[in-house]
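Q: There's a structure below that I have some questions on.
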Amino acid sequence: MHIMEGFLPAGWCLLWWLVALPFVIRGILDLRAMIRKDREYLPLLGVCGAFIFILSALKLPSVTGSCSHPTGTGLSTMCFGVFITSVVGGVVLLFQALLLAHGGLSTLGANMVSMAIGGPVAGYAVYRLLKNTPLNIYLTVFLVTTVADLVTYIITSFELALAYPAGNGGVITSFVAFFIIFAVTQIPLAIVEGCVLALVFKYIIRMKPEIIEKIGVFSSEQIEKARLAEESGSSAGVRS
Amino acid sequence: MTGIRSYTLEIITLLAVLAFIVLFLAVSSGGTRNFSGSDDAGTRKIAELTGRPVESYQPLIPQYVPPSSEIESTLFALQASFGGLVLGLVFGYWLGQRKQAPAP
């Protein structure tokens, strides 16, 4: 989903930077407040951040015959919200822009808007929608991470389509072309990412259920229900 | 925990990864796909839409480019291993805490 350095006109670079900055600034403030108030959440932030680092370094092959990488932002979005996630995602994207020539400083704003902000916003919307439903919490984690991953690539397609509308058919034709390149490639990756992060969430809950409860991702009843389901060997599917 | 644990989630994940691998083998068996990055495919699409060759796009802000794909893969491995390090550290820390004070 990286837009390479030089491949976005300066005006669009500036616009996406201006969109991204408020999120990142608010994220830095939230992060500082959280660290001052309670250091108990730092290990959980480490786990969430670690998955963004690991997954966004893995370029995986897909059905379209090209490679792409998962984003890993869903877990952090659920635990810490969009703003802090935008900072963690921004750090990864900065590293890749500075050392790997994957994306660049001028396109960093646009890349942050897709991976560190847009994907997490969509994931967060899914989370809020499903949080208080009787849906199994691991299924919620799966859906949140899959949506955050996919939407990242849809936004990249949108950013490129806006900057490069097709001569014949305009933004929409262009969007479809980029959507096929980015988002279709991403579908299998997003599904695998959703499964892996749901599994990771299960291990976090097994080791540290109280932290998930305290930070308010899920209620103690939901966590207890998931643990009971796990121990009694019943299905991890939807439960009424 | 004494009850029988459900491994449903592990099995689903394993099946998803297996399906992913089978899909990759099926797609790559033709030998016609080069599995380059989708970023590069996007870049080529931009060149196609604008009618300007890929080489004509110059960085707006000068940047470091890894001189070879070996060096690039090292840096990506470094990124992933940093994540793995933090992950192992925290999970180990939590496991240690549980050992000290078993969950009620």
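Residues are referred to by chain and number: the chain letter is A, B, ... according to the order shown in the structure tokens, the number counts from 1 in that chain, and ligands are numbered separately from 1 in the order shown.
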Kindly determine which residues of chain A lie within 7 Å of chain B, considering only C-alpha atoms, and give the answer as a PyMOL selection string.

A: chain A and resi 1-3+5-7+43+46-47+50-51+53-54+57+61-63+65-68+98-101+105-106+164+166+178+181-182+188+192+195-196+199+207-208+230-236

Q: Can you tell me how far atom CA of Cys13 of chain A sits from atom CA of Met112 of chain A, in Å to one decimal?

A: 11.1 Å

Q: Could you write out, as a PyMOL selection string, all the residues of chain B that DSSP marks as helix (DSSP H, G or I)?

A: chain B and resi 8-28+38-50+54-56+69-100

Q: Would you pick out the contacts of segment 212-227 of chain A at 10 Å or less, using only C-alpha atoms, so that residues sharing its chain but fewer than 4 positions from it are not included, and give the list as a ChimeraX atom specification?

A: /A:40-41,44,77-81,127-128,131-138,201-202,204-206,208,231-234,236 /B:5-6

Q: One decimal, Å: what's the distance from atom CA of Ala183 of chain A over to atom CA of Leu108 of chain A, could you say?

A: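 Atom CA of Leu108 of chain A lies at a distance of 19.5 Å from atom CA of Ala183 of chain A.
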